[in-house]
$ cat protein.txt   # compact mmCIF, C-alpha atoms
# COMPACT_ATOMS: atom_id res chain seq x y z
CA MET A 218 33.12 52.40 19.97
CA LYS A 219 35.40 54.35 17.72
CA PRO A 220 38.24 56.83 17.98
CA GLY A 221 37.66 60.56 17.98
CA ALA A 222 38.36 62.34 14.70
CA PHE A 223 41.98 62.86 13.74
CA GLU A 224 44.08 63.74 10.74
CA TYR A 225 45.81 60.69 9.27
CA VAL A 226 49.33 61.00 7.88
CA LYS A 227 51.04 58.08 6.17
CA ALA A 228 54.79 58.61 6.48
CA SER A 229 57.29 57.02 4.13
CA SER A 230 60.46 58.09 5.95
CA VAL A 231 61.65 59.01 9.44
CA GLU A 232 62.13 62.60 8.20
CA GLU A 233 58.45 62.76 7.21
CA VAL A 234 57.46 61.53 10.67
CA LEU A 235 59.54 64.23 12.34
CA ALA A 236 58.11 66.92 10.04
CA ALA A 237 54.57 65.77 10.82
CA LEU A 238 55.25 65.61 14.58
CA GLY A 239 56.45 69.21 14.34
CA ARG A 240 53.39 70.30 12.42
CA PHE A 241 51.05 68.89 15.09
CA ASP A 242 53.24 70.48 17.76
CA GLY A 243 53.14 67.51 20.10
CA ASP A 244 49.45 66.67 19.62
CA ALA A 245 50.10 63.62 17.43
CA ARG A 246 50.76 59.96 18.06
CA ILE A 247 52.86 57.55 16.05
CA LEU A 248 50.89 54.49 14.91
CA ALA A 249 53.09 51.39 14.66
CA GLY A 250 51.35 48.08 15.46
CA GLY A 251 48.51 49.90 17.20
CA GLN A 252 47.97 47.12 19.75
CA SER A 253 48.08 49.55 22.70
CA LEU A 254 47.37 52.85 20.93
CA MET A 255 44.17 51.75 19.20
CA PRO A 256 42.43 50.45 22.38
CA LEU A 257 43.27 53.74 24.10
CA MET A 258 41.83 55.67 21.17
CA ASN A 259 38.76 53.44 20.91
CA MET A 260 38.07 54.08 24.59
CA ARG A 261 38.77 57.80 24.01
CA MET A 262 41.45 57.80 26.67
CA LEU A 263 43.57 59.38 23.93
CA ARG A 264 42.32 61.85 21.34
CA PRO A 265 45.32 63.10 19.39
CA ALA A 266 44.82 65.61 16.57
CA GLY A 267 47.14 63.63 14.34
CA ILE A 268 47.97 59.98 13.73
CA ILE A 269 51.23 59.33 11.93
CA ASP A 270 51.30 55.84 10.44
CA ILE A 271 54.86 54.49 10.18
CA ASN A 272 53.93 51.06 8.77
CA GLY A 273 54.98 52.10 5.27
CA ILE A 274 58.52 53.12 6.18
CA PRO A 275 61.01 50.75 4.55
CA ASP A 276 63.95 49.26 6.50
CA LEU A 277 62.50 50.16 9.89
CA ASP A 278 62.04 46.47 10.71
CA THR A 279 65.49 45.06 10.09
CA ILE A 280 67.45 42.89 12.51
CA ARG A 281 71.24 42.85 12.15
CA LEU A 282 74.33 41.87 14.13
CA GLU A 283 77.23 44.31 14.17
CA ASP A 284 80.31 44.25 16.43
CA GLY A 285 78.68 42.10 19.08
CA ARG A 286 75.50 44.16 19.18
CA VAL A 287 72.09 43.32 17.81
CA HIS A 288 70.35 46.24 16.11
CA VAL A 289 66.59 45.89 15.88
CA GLY A 290 64.42 48.35 13.95
CA ALA A 291 61.60 49.92 15.96
CA LEU A 292 58.93 48.59 13.58
CA THR A 293 60.04 44.98 14.05
CA ARG A 294 56.96 42.96 14.95
CA TYR A 295 56.86 40.46 17.82
CA ARG A 296 56.30 37.73 15.27
CA MET A 297 59.58 38.60 13.56
CA LEU A 298 61.42 38.43 16.89
CA GLU A 299 59.80 35.05 17.52
CA THR A 300 60.92 33.60 14.21
CA SER A 301 64.30 35.29 13.63
CA PRO A 302 67.25 32.82 13.79
CA LEU A 303 69.53 35.77 14.61
CA ILE A 304 67.45 36.68 17.68
CA GLN A 305 67.30 33.00 18.70
CA GLU A 306 71.07 32.75 18.60
CA HIS A 307 72.23 36.14 19.85
CA LEU A 308 69.37 37.38 22.05
CA PRO A 309 67.96 34.19 23.54
CA LEU A 310 66.29 36.14 26.38
CA VAL A 311 64.24 38.20 23.91
CA ALA A 312 63.39 35.09 21.87
CA HIS A 313 62.24 33.35 25.06
CA ALA A 314 60.26 36.29 26.48
CA VAL A 315 58.49 37.38 23.31
CA ARG A 316 56.47 34.16 23.24
CA ARG A 317 54.86 35.30 26.50
CA VAL A 318 53.67 38.62 25.06
CA ALA A 319 49.88 38.86 24.71
CA ASP A 320 48.46 36.51 22.06
CA ARG A 321 48.98 35.37 18.48
CA GLN A 322 47.01 38.17 16.81
CA VAL A 323 48.76 40.86 18.88
CA ARG A 324 52.18 39.34 18.13
CA ASN A 325 51.40 39.32 14.42
CA ARG A 326 50.90 43.06 14.48
CA GLY A 327 52.49 44.63 17.59
CA THR A 328 56.00 46.05 17.40
CA LEU A 329 59.04 46.18 19.64
CA GLY A 330 59.31 49.97 19.35
CA GLY A 331 55.64 50.36 20.14
CA SER A 332 55.95 48.29 23.32
CA LEU A 333 58.98 50.24 24.53
CA CYS A 334 57.37 53.63 23.83
CA HIS A 335 54.07 52.61 25.41
CA SER A 336 56.14 51.42 28.37
CA ASP A 337 53.61 49.50 30.40
CA PRO A 338 55.43 48.86 33.71
CA ALA A 339 54.51 45.16 33.58
CA ALA A 340 55.31 44.46 29.91
CA GLN A 341 57.94 41.91 28.86
CA MET A 342 59.82 43.85 26.16
CA PRO A 343 60.66 46.86 28.37
CA LEU A 344 61.80 44.35 31.03
CA CYS A 345 64.13 42.62 28.56
CA ALA A 346 65.53 45.94 27.31
CA GLN A 347 66.25 46.99 30.90
CA THR A 348 67.65 43.58 31.84
CA LEU A 349 70.02 43.41 28.89
CA GLY A 350 71.06 47.07 29.12
CA ALA A 351 69.80 47.98 25.65
CA GLU A 352 70.28 51.41 24.10
CA MET A 353 67.48 53.21 22.32
CA VAL A 354 68.22 55.30 19.24
CA ILE A 355 65.87 58.29 19.12
CA ALA A 356 65.50 60.55 16.09
CA GLY A 357 64.47 64.17 16.62
CA PRO A 358 64.58 67.64 15.10
CA LYS A 359 68.21 68.01 16.21
CA GLY A 360 69.39 64.65 14.91
CA ARG A 361 69.76 61.27 16.56
CA ARG A 362 70.66 60.47 20.14
CA LYS A 363 71.21 57.28 22.10
CA VAL A 364 69.58 56.71 25.47
CA ALA A 365 70.45 53.83 27.79
CA ALA A 366 67.56 51.73 29.10
CA ILE A 367 68.12 52.96 32.66
CA ASP A 368 67.38 56.53 31.47
CA PHE A 369 64.81 55.58 28.84
CA PHE A 370 62.16 54.18 31.19
CA GLN A 371 61.02 57.11 33.32
CA GLY A 372 57.80 55.83 34.86
CA ALA A 373 54.48 54.23 33.98
CA TYR A 374 53.79 54.94 30.29
CA THR A 375 56.59 57.51 30.36
CA THR A 376 59.85 57.38 28.43
CA ALA A 377 62.70 59.64 27.36
CA VAL A 378 61.11 60.05 23.93
CA ASP A 379 59.96 63.66 23.56
CA PRO A 380 56.62 64.30 21.76
CA LEU A 381 58.58 65.68 18.78
CA GLU A 382 60.88 62.62 18.62
CA MET A 383 60.63 59.04 17.41
CA LEU A 384 62.28 55.79 18.54
CA VAL A 385 63.96 54.28 15.48
CA GLU A 386 66.23 51.48 16.70
CA ILE A 387 66.98 49.33 19.73
CA VAL A 388 70.57 48.13 20.23
CA TYR A 389 71.18 45.14 22.50
CA PRO A 390 74.52 43.68 23.58
CA ALA A 391 74.48 40.20 22.03
CA MET A 392 74.47 37.26 24.46
CA PRO A 393 75.07 34.18 22.34
CA GLY A 394 74.90 30.92 24.22
CA ALA A 395 73.35 32.50 27.32
CA ARG A 396 71.08 30.52 29.58
CA VAL A 397 67.91 32.54 29.95
CA THR A 398 64.60 32.47 31.73
CA LEU A 399 61.55 34.56 32.45
CA ALA A 400 59.75 33.72 35.68
CA GLN A 401 56.49 35.59 35.91
CA GLN A 402 53.16 35.38 37.64
CA THR A 403 50.20 35.88 35.33
CA ARG A 404 46.69 34.95 36.29
CA ARG A 405 45.80 34.25 32.65
CA HIS A 406 47.93 33.35 29.64
CA GLY A 407 48.96 36.50 27.81
CA ASP A 408 47.96 38.91 30.56
CA PHE A 409 50.43 41.40 31.97
CA PRO A 410 52.32 39.79 34.87
CA THR A 411 51.92 40.74 38.54
CA ILE A 412 55.64 40.22 38.99
CA SER A 413 58.36 39.10 36.63
CA VAL A 414 62.04 38.20 36.76
CA ALA A 415 64.10 38.03 33.56
CA ALA A 416 67.56 36.52 33.87
CA ALA A 417 70.45 35.64 31.60
CA ALA A 418 73.96 34.35 32.28
CA ILE A 419 76.83 32.59 30.58
CA VAL A 420 77.88 29.26 32.09
CA LYS A 421 81.34 27.91 31.47
CA ASP A 422 82.96 25.06 33.40
CA GLY A 423 80.38 25.40 36.16
CA VAL A 424 81.04 29.11 36.66
CA TRP A 425 78.25 31.58 36.02
CA THR A 426 79.23 34.99 34.63
CA ASN A 427 77.86 37.96 32.70
CA TRP A 428 74.74 38.01 34.85
CA ARG A 429 71.86 40.18 33.63
CA ILE A 430 68.74 40.20 35.79
CA GLY A 431 65.78 42.57 35.71
CA MET A 432 62.50 42.68 37.57
CA GLY A 433 59.04 43.93 36.66
CA GLY A 434 56.15 44.67 39.00
CA LEU A 435 58.20 46.25 41.79
CA SER A 436 58.08 49.83 40.52
CA ASP A 437 56.50 52.06 37.89
CA ARG A 438 59.18 50.78 35.48
CA PRO A 439 61.28 47.64 35.03
CA LEU A 440 64.28 47.64 37.38
CA PRO A 441 67.77 46.26 36.86
CA ALA A 442 68.88 43.96 39.71
CA ALA A 443 72.49 45.15 39.86
CA SER A 444 73.29 44.04 43.43
CA LEU A 445 71.89 40.59 42.75
CA CYS A 446 73.99 40.27 39.56
CA ALA A 447 77.12 41.36 41.46
CA PHE A 448 76.41 38.82 44.20
CA LEU A 449 76.06 35.95 41.72
CA GLU A 450 78.91 36.91 39.39
CA GLY A 451 81.62 34.30 38.93
CA LYS A 452 80.21 31.79 41.41
CA PRO A 453 78.97 28.26 40.88
CA LEU A 454 75.17 28.38 41.09
CA THR A 455 73.85 26.13 43.85
CA GLU A 456 70.59 25.75 45.74
CA ALA A 457 72.23 27.28 48.82
CA LEU A 458 73.42 30.29 46.81
CA ILE A 459 69.94 30.73 45.31
CA ALA A 460 68.37 30.78 48.79
CA GLU A 461 70.69 33.61 49.77
CA ALA A 462 70.38 35.45 46.45
CA SER A 463 66.60 35.46 46.48
CA GLN A 464 66.63 37.95 49.37
CA ILE A 465 68.53 40.57 47.31
CA LEU A 466 65.88 42.86 45.82
CA PRO A 467 66.65 45.72 43.43
CA ASP A 468 67.26 49.23 44.78
CA ASN A 469 64.44 51.78 44.55
CA ILE A 470 61.57 49.33 44.75
CA ASP A 471 58.20 51.07 45.05
CA PRO A 472 55.46 48.66 44.02
CA ILE A 473 51.90 49.80 43.51
CA ASP A 474 48.51 48.50 44.59
CA ASP A 475 46.40 47.73 41.54
CA VAL A 476 43.78 45.32 40.23
CA ARG A 477 46.34 42.53 39.96
CA ALA A 478 47.94 42.67 43.42
CA THR A 479 48.73 44.80 46.46
CA ALA A 480 52.19 46.31 46.93
CA GLU A 481 52.72 44.11 49.98
CA TYR A 482 51.89 40.97 48.04
CA ARG A 483 54.25 41.95 45.22
CA ILE A 484 57.11 42.39 47.71
CA SER A 485 56.36 39.01 49.23
CA LEU A 486 56.42 37.44 45.75
CA ALA A 487 59.80 38.92 44.82
CA PRO A 488 62.07 36.39 46.62
CA VAL A 489 59.85 33.54 45.41
CA TYR A 490 60.19 34.56 41.78
CA ILE A 491 63.91 35.32 42.01
CA SER A 492 64.31 31.83 43.40
CA ARG A 493 62.16 30.29 40.67
CA ALA A 494 64.10 32.10 37.94
CA LEU A 495 67.50 31.05 39.27
CA THR A 496 66.32 27.50 39.88
CA ALA A 497 65.02 27.29 36.32
CA LEU A 498 68.43 28.43 35.06
CA LEU A 499 70.21 25.92 37.28
CA LYS A 500 68.05 23.07 36.02
CA GLY A 501 68.32 24.29 32.43
CA GLU A 502 64.56 24.68 32.24
CA GLY A 503 64.61 28.14 30.70
CA ARG A 504 66.73 27.60 27.67
CA MET B 88 39.06 68.09 10.41
CA SER B 89 39.80 64.46 9.78
CA GLY B 90 38.91 64.29 6.11
CA THR B 91 38.36 61.16 4.08
CA HIS B 92 40.70 58.98 2.11
CA ARG B 93 40.23 56.85 -0.98
CA ILE B 94 41.32 53.24 -0.44
CA LYS B 95 41.59 50.12 -2.57
CA VAL B 96 41.42 46.89 -0.65
CA THR B 97 41.03 43.28 -1.67
CA VAL B 98 38.57 41.42 0.53
CA ASN B 99 38.04 37.69 -0.06
CA GLY B 100 39.61 38.01 -3.49
CA LYS B 101 37.40 40.92 -4.59
CA LEU B 102 38.78 44.43 -5.08
CA TYR B 103 36.81 47.19 -3.39
CA GLU B 104 37.33 50.94 -3.75
CA ALA B 105 35.91 53.16 -1.05
CA GLU B 106 36.06 56.57 0.55
CA VAL B 107 36.74 56.19 4.28
CA GLU B 108 37.01 58.54 7.21
CA SER B 109 40.42 58.41 8.95
CA ARG B 110 38.97 57.07 12.16
CA ARG B 111 36.96 54.27 10.51
CA LEU B 112 37.99 50.98 12.12
CA LEU B 113 38.60 48.04 9.80
CA VAL B 114 35.94 45.96 11.57
CA ASP B 115 33.33 48.69 11.05
CA PHE B 116 34.37 49.16 7.43
CA LEU B 117 33.85 45.45 6.78
CA ARG B 118 30.49 45.38 8.53
CA HIS B 119 28.94 48.74 7.74
CA GLU B 120 30.31 49.49 4.31
CA LEU B 121 31.00 46.11 2.71
CA MET B 122 28.04 44.53 4.55
CA LEU B 123 30.20 41.58 5.55
CA TYR B 124 28.56 40.84 8.88
CA GLY B 125 30.48 37.61 9.51
CA THR B 126 33.26 39.49 11.30
CA HIS B 127 31.91 40.25 14.76
CA ALA B 128 32.62 43.36 16.82
CA GLY B 129 32.90 42.22 20.45
CA CYS B 130 34.93 44.21 22.93
CA GLU B 131 36.38 46.71 20.41
CA GLN B 132 39.53 46.97 22.51
CA GLY B 133 41.55 43.98 21.39
CA ALA B 134 40.64 41.61 24.20
CA CYS B 135 38.08 39.16 22.78
CA GLY B 136 39.34 38.24 19.31
CA ALA B 137 35.84 38.00 17.79
CA CYS B 138 36.82 40.50 15.08
CA THR B 139 39.85 38.50 13.93
CA VAL B 140 40.44 38.54 10.16
CA GLN B 141 43.49 37.71 8.08
CA PHE B 142 45.55 40.67 6.92
CA ASP B 143 47.96 39.55 4.18
CA GLY B 144 47.48 36.01 5.51
CA ARG B 145 48.14 36.79 9.18
CA ALA B 146 45.44 36.71 11.86
CA ILE B 147 44.90 40.19 13.31
CA LYS B 148 42.19 41.94 15.32
CA SER B 149 40.27 44.23 13.00
CA CYS B 150 39.09 46.48 15.86
CA LEU B 151 42.73 47.54 16.33
CA MET B 152 43.33 48.59 12.74
CA LEU B 153 42.08 51.51 10.75
CA ALA B 154 40.32 50.79 7.46
CA ILE B 155 42.75 53.15 5.76
CA GLN B 156 45.61 50.88 6.81
CA ALA B 157 44.14 48.13 4.65
CA ASP B 158 44.76 50.24 1.53
CA GLY B 159 46.67 48.07 -0.93
CA HIS B 160 46.41 44.96 1.24
CA GLU B 161 44.48 41.70 1.20
CA ILE B 162 41.89 40.84 3.82
CA THR B 163 40.22 37.48 4.30
CA THR B 164 37.11 37.32 6.44
CA VAL B 165 35.04 34.32 7.52
CA GLU B 166 32.94 34.80 4.37
CA GLY B 167 36.06 33.96 2.35
CA LEU B 168 36.49 30.47 3.82
CA ALA B 169 33.73 28.44 2.15
CA LYS B 170 34.07 28.09 -1.62
CA ASP B 171 31.06 27.54 -3.93
CA GLY B 172 28.88 26.46 -1.05
CA VAL B 173 31.40 23.90 0.21
CA LEU B 174 32.61 24.43 3.76
CA HIS B 175 36.33 25.01 4.40
CA ASP B 176 38.04 22.15 6.23
CA VAL B 177 38.20 24.23 9.43
CA GLN B 178 34.46 24.92 9.28
CA GLU B 179 33.79 21.25 8.67
CA ALA B 180 35.92 20.37 11.71
CA PHE B 181 33.99 22.82 13.94
CA ARG B 182 30.73 21.35 12.71
CA ASN B 183 31.81 17.76 13.37
CA ALA B 184 33.23 18.46 16.83
CA HIS B 185 30.34 20.74 17.83
CA GLY B 186 32.93 23.53 18.18
CA LEU B 187 30.37 26.28 18.62
CA GLN B 188 27.47 27.08 20.86
CA CYS B 189 26.06 30.60 20.40
CA GLY B 190 28.47 31.19 17.53
CA PHE B 191 29.47 34.76 18.35
CA CYS B 192 33.17 33.99 18.83
CA THR B 193 33.28 31.44 15.99
CA PRO B 194 34.40 33.68 13.08
CA GLY B 195 37.42 34.82 15.12
CA PHE B 196 38.40 31.28 16.10
CA LEU B 197 37.98 30.10 12.51
CA MET B 198 40.29 32.81 11.14
CA VAL B 199 43.05 32.07 13.69
CA ALA B 200 42.71 28.33 13.12
CA ALA B 201 42.71 28.70 9.32
CA ALA B 202 45.93 30.75 9.53
CA LEU B 203 47.54 27.98 11.62
CA GLY B 204 46.43 25.45 9.04
CA GLU B 205 47.92 27.48 6.21
CA GLU B 206 51.24 27.46 8.10
CA LYS B 207 50.93 23.66 8.34
CA LYS B 208 51.29 23.80 12.09
CA VAL B 209 50.24 20.63 13.86
CA LEU B 210 49.52 21.60 17.45
CA LYS B 211 47.72 19.88 20.28
CA GLY B 212 46.56 20.50 23.83
CA ASP B 213 48.37 23.18 25.77
CA ALA B 214 50.49 24.39 22.84
CA LEU B 215 47.35 24.83 20.76
CA ARG B 216 45.47 26.55 23.58
CA LYS B 217 48.27 29.12 23.76
CA GLU B 218 47.89 29.84 20.04
CA LEU B 219 44.15 30.31 20.57
CA ALA B 220 44.55 32.45 23.70
CA GLY B 221 43.64 35.64 21.84
CA ASN B 222 40.05 34.50 21.43
CA LEU B 223 37.40 34.33 24.12
CA CYS B 224 34.32 32.09 24.10
CA ARG B 225 31.78 33.39 26.61
CA CYS B 226 29.86 30.10 26.35
CA THR B 227 33.16 28.60 27.61
CA GLY B 228 32.95 25.82 25.04
CA TYR B 229 36.71 25.63 24.73
CA ALA B 230 37.06 21.84 24.89
CA ASN B 231 35.16 21.29 21.65
CA ILE B 232 36.81 24.27 19.97
CA VAL B 233 40.24 22.84 20.77
CA THR B 234 39.17 19.39 19.57
CA ALA B 235 37.88 20.90 16.32
CA VAL B 236 41.11 22.80 15.66
CA GLU B 237 43.25 19.78 16.58
CA THR B 238 41.32 17.64 14.10
CA TYR B 239 41.59 20.28 11.40
CA LEU B 240 45.34 20.84 11.87
CA GLU B 241 45.99 17.12 11.83
CA LYS B 242 44.07 16.79 8.58
CA VAL B 243 45.75 19.65 6.70
CA GLY B 244 49.21 19.59 8.25
CA GLY B 245 49.73 15.92 9.04
CA ALA B 246 51.43 15.11 5.74
CA ALA B 247 53.87 18.01 6.03
CA GLN B 248 55.31 17.00 9.39
$ encode --input "protein.txt" --output "structure tokens"
Amino acid sequence: MKPGAFEYVKASSVEEVLAALGRFDGDARILAGGQSLMPLMNMRMLRPAGIIDINGIPDLDTIRLEDGRVHVGALTRYRMLETSPLIQEHLPLVAHAVRRVADRQVRNRGTLGGSLCHSDPAAQMPLCAQTLGAEMVIAGPKGRRKVAAIDFFQGAYTTAVDPLEMLVEIVYPAMPGARVTLAQQTRRHGDFPTISVAAAAIVKDGVWTNWRIGMGGLSDRPLPAASLCAFLEGKPLTEALIAEASQILPDNIDPIDDVRATAEYRISLAPVYISRALTALLKGEGR
Amino acid sequence: MSGTHRIKVTVNGKLYEAEVESRRLLVDFLRHELMLYGTHAGCEQGACGACTVQFDGRAIKSCLMLAIQADGHEITTVEGLAKDGVLHDVQEAFRNAHGLQCGFCTPGFLMVAAALGEEKKVLKGDALRKELAGNLCRCTGYANIVTAVETYLEKVGGAAQ
């Protein structure tokens, strides 16, 4: 198996990427870690005329904290997220969730930007971006624009990034000291989950605030659980409260039937996994 | 349309120069052009891990990289483990624990395990199985593979912990 023929362009700056994207007029793909793109090309599900390799662009994989926000370069590899003390301290949800992404080899090579642009509806990094309300910085022919997660994820494998644009940075609100968890059902380690619940909150004097909860597997994109967060905000977390909260599903749920589960089964799992996530937080089992 | 590109890549300490087509996968470059058949092409879609090599010291799947991306980088394949006819510690551990049956998946497991050893990670049981989750053994001989890697990591990393 091998990819169809393509023209290879090695870019050394974002400007070069944009110029090349323009030259191929939309028939090119950006190659970052290649952990989703290369299988698709090997199977000939994708046959772009151009491949634009961004691995040689300097400073596209930096992680920095600025004014309470964590800026992560699009080329940052999962492995760097796993090992970064700054991510551990300020984005504990991402640090916790990234260890559940695929396997060691994929995490050594795959990138945050690649995962978000590929936008598999079941993937962990899009779920965390949606849960935390991240903003995506997109570079294009007309300059840079910022897109909130809620507008970025537009469906299965579909994002706000236009074929002539490139995701360059992801900006997360920092959540230092948050208790976090990721409750997910996977049939095998490293597989994409059937259903997933990511949750983060700040606990002070027994009161739980700043709730951020997102769910995967209930739609063609990760969904924020706004009503659930509002319900939990500012209350002491108890088993009784969790029982009530677990019935509050996100708006706009529209799960699919696929090889992993039926839509009906996914809906039946939702309260179970909300309950497991909140219970893990209560018991301090997440982090 | 795709053209070819001249690359320089160091494989197992030896510098190679070659002309490669854009679409040439790293695994196929190693096997078909450098005649290094130790790296196995299994699923060719990143699921089985048989093609795992080390790219600048990190275990990666060579079916998910283009040969041209190795330009200027260092690759270690299973052929680079044994030195002067003496098995690498990880190979010795696999031999002692009977960590292989048909042997098809072995090069991939060895390269992941060797990378763990170089990081001086001492892992056991479930934690180790998670680190090895990117490799499939269709003989299902996982118990002995895990034992072999545990023994190897203990030997090379024990002092550092």
$ atom_distance --input "protein.txt" --atom1 "CA of Cys130 (chain B)" --atom2 "CA of Pro256 (chain A)"
9.8 Å
$ closest_atom_pairs --input "protein.txt" --of "chain A" --to "chain B" --cutoff "7 Å" --atoms "only C-alpha atoms" --output "CSV"
residue,atom,partner,partner_atom,distance
A:Met218,CA,B:Glu131,CA,6.6
A:Pro220,CA,B:Arg110,CA,5.9
A:Gly221,CA,B:Arg110,CA,6.9
A:Ala222,CA,B:Ser89,CA,5.5
A:Phe223,CA,B:Ser89,CA,4.8
A:Glu224,CA,B:Ser89,CA,4.4
A:Tyr225,CA,B:Ser109,CA,5.9
A:Gly251,CA,B:Leu151,CA,6.3
A:Gln252,CA,B:Leu151,CA,6.3
A:Met255,CA,B:Leu151,CA,5.3
A:Pro256,CA,B:Gln132,CA,4.5
A:Asn259,CA,B:Gln132,CA,6.7
A:Asp320,CA,B:Gly221,CA,4.9
A:Arg321,CA,B:Glu218,CA,5.8
A:Gln322,CA,B:Ile147,CA,4.6
A:Val323,CA,B:Ile147,CA,6.8
A:Asn325,CA,B:Ile147,CA,6.7
A:Arg326,CA,B:Ile147,CA,6.8
A:His406,CA,B:Ala220,CA,6.9
$ residues_near_point --input "protein.txt" --point "(64.6, 48.4, 31.0)" --cutoff "10 Å" --atoms "all atoms listed in the file" --output "PDB file with C-alpha atoms, in the coordinates of the input"
ATOM      1  CA  LEU A 333      58.980  50.240  24.530  1.00  0.00           C
ATOM      2  CA  SER A 336      56.140  51.420  28.370  1.00  0.00           C
ATOM      3  CA  PRO A 338      55.430  48.860  33.710  1.00  0.00           C
ATOM      4  CA  GLN A 341      57.940  41.910  28.860  1.00  0.00           C
ATOM      5  CA  MET A 342      59.820  43.850  26.160  1.00  0.00           C
ATOM      6  CA  PRO A 343      60.660  46.860  28.370  1.00  0.00           C
ATOM      7  CA  LEU A 344      61.800  44.350  31.030  1.00  0.00           C
ATOM      8  CA  CYS A 345      64.130  42.620  28.560  1.00  0.00           C
ATOM      9  CA  ALA A 346      65.530  45.940  27.310  1.00  0.00           C
ATOM     10  CA  GLN A 347      66.250  46.990  30.900  1.00  0.00           C
ATOM     11  CA  THR A 348      67.650  43.580  31.840  1.00  0.00           C
ATOM     12  CA  LEU A 349      70.020  43.410  28.890  1.00  0.00           C
ATOM     13  CA  GLY A 350      71.060  47.070  29.120  1.00  0.00           C
ATOM     14  CA  ALA A 351      69.800  47.980  25.650  1.00  0.00           C
ATOM     15  CA  GLU A 352      70.280  51.410  24.100  1.00  0.00           C
ATOM     16  CA  ALA A 365      70.450  53.830  27.790  1.00  0.00           C
ATOM     17  CA  ALA A 366      67.560  51.730  29.100  1.00  0.00           C
ATOM     18  CA  ILE A 367      68.120  52.960  32.660  1.00  0.00           C
ATOM     19  CA  ASP A 368      67.380  56.530  31.470  1.00  0.00           C
ATOM     20  CA  PHE A 369      64.810  55.580  28.840  1.00  0.00           C
ATOM     21  CA  PHE A 370      62.160  54.180  31.190  1.00  0.00           C
ATOM     22  CA  GLN A 371      61.020  57.110  33.320  1.00  0.00           C
ATOM     23  CA  GLY A 431      65.780  42.570  35.710  1.00  0.00           C
ATOM     24  CA  MET A 432      62.500  42.680  37.570  1.00  0.00           C
ATOM     25  CA  GLY A 433      59.040  43.930  36.660  1.00  0.00           C
ATOM     26  CA  ARG A 438      59.180  50.780  35.480  1.00  0.00           C
ATOM     27  CA  PRO A 439      61.280  47.640  35.030  1.00  0.00           C
ATOM     28  CA  LEU A 440      64.280  47.640  37.380  1.00  0.00           C
ATOM     29  CA  PRO A 441      67.770  46.260  36.860  1.00  0.00           C
TER      30      PRO A 441
END
$ atom_distance --input "protein.txt" --atom1 "CA of Glu161 (chain B)" --atom2 "CA of Thr97 (chain B)"
4.8 Å
$ residues_around --input "protein.txt" --residues "Ala105 (chain B)" --least-positions-apart "5" --cutoff "10 Å" --atoms "all atoms listed in the file" --output "NGL selection string"
:B and (91-96 or 116 or 120-121 or 154-155 or 158)
$ write_last_selection --input "protein.txt" --atoms "C-alpha atoms" --output "PDB file, in the coordinates of the input"
ATOM      1  CA  THR B  91      38.360  61.160   4.080  1.00  0.00           C
ATOM      2  CA  HIS B  92      40.700  58.980   2.110  1.00  0.00           C
ATOM      3  CA  ARG B  93      40.230  56.850  -0.980  1.00  0.00           C
ATOM      4  CA  ILE B  94      41.320  53.240  -0.440  1.00  0.00           C
ATOM      5  CA  LYS B  95      41.590  50.120  -2.570  1.00  0.00           C
ATOM      6  CA  VAL B  96      41.420  46.890  -0.650  1.00  0.00           C
ATOM      7  CA  PHE B 116      34.370  49.160   7.430  1.00  0.00           C
ATOM      8  CA  GLU B 120      30.310  49.490   4.310  1.00  0.00           C
ATOM      9  CA  LEU B 121      31.000  46.110   2.710  1.00  0.00           C
ATOM     10  CA  ALA B 154      40.320  50.790   7.460  1.00  0.00           C
ATOM     11  CA  ILE B 155      42.750  53.150   5.760  1.00  0.00           C
ATOM     12  CA  ASP B 158      44.760  50.240   1.530  1.00  0.00           C
TER      13      ASP B 158
END
$ atom_distance --input "protein.txt" --atom1 "CA of His335 (chain A)" --atom2 "CA of Tyr295 (chain A)"
14.6 Å
$ residues_around --input "protein.txt" --residues "Ala395 (chain A)" --least-positions-apart "2" --cutoff "12 Å" --atoms "all atoms listed in the file" --output "MDAnalysis selection string"
chainID A and resid 305:313 349 390:393 397:398 416:421 425:429 498 501 503:504
$ residues_around --input "protein.txt" --residues "Leu187 (chain B)" --least-positions-apart "3" --cutoff "8 Å" --atoms "only C-alpha atoms" --output "PyMOL selection string"
chain B and resi 181-182+190+193+228+231-232
$ residues_around --input "protein.txt" --residues "region 267-273 of chain A" --least-positions-apart "3" --cutoff "9 Å" --atoms "only C-alpha atoms" --output "PyMOL selection string"
(chain A and resi 222-231+234+237-238+241+244-250+264+277+292) or (chain B and resi 89+156)
$ residues_near_point --input "protein.txt" --point "(30.0, 42.3, 7.6)" --cutoff "10 Å" --atoms "all atoms listed in the file" --output "ChimeraX atom specification"
/B:114-128,164-166
$ closest_residue --input "protein.txt" --among "A:Ala266, A:Leu254, A:Ala339, A:Val385" --to "Met353 (chain A)" --atoms "only C-alpha atoms"
A:Val385
$ residues_around --input "protein.txt" --residues "region 483-490 of chain A" --least-positions-apart "2" --cutoff "12 Å" --atoms "only C-alpha atoms" --output "VMD selection string"
chain A and resid 398 to 403 410 to 416 430 to 436 442 445 459 to 467 470 to 475 477 to 481 492 to 497
$ closest_residue --input "protein.txt" --among "A:Pro380, A:Glu456, A:Leu298, A:Arg317" --to "Pro358 (chain A)" --atoms "all atoms listed in the file"
A:Pro380
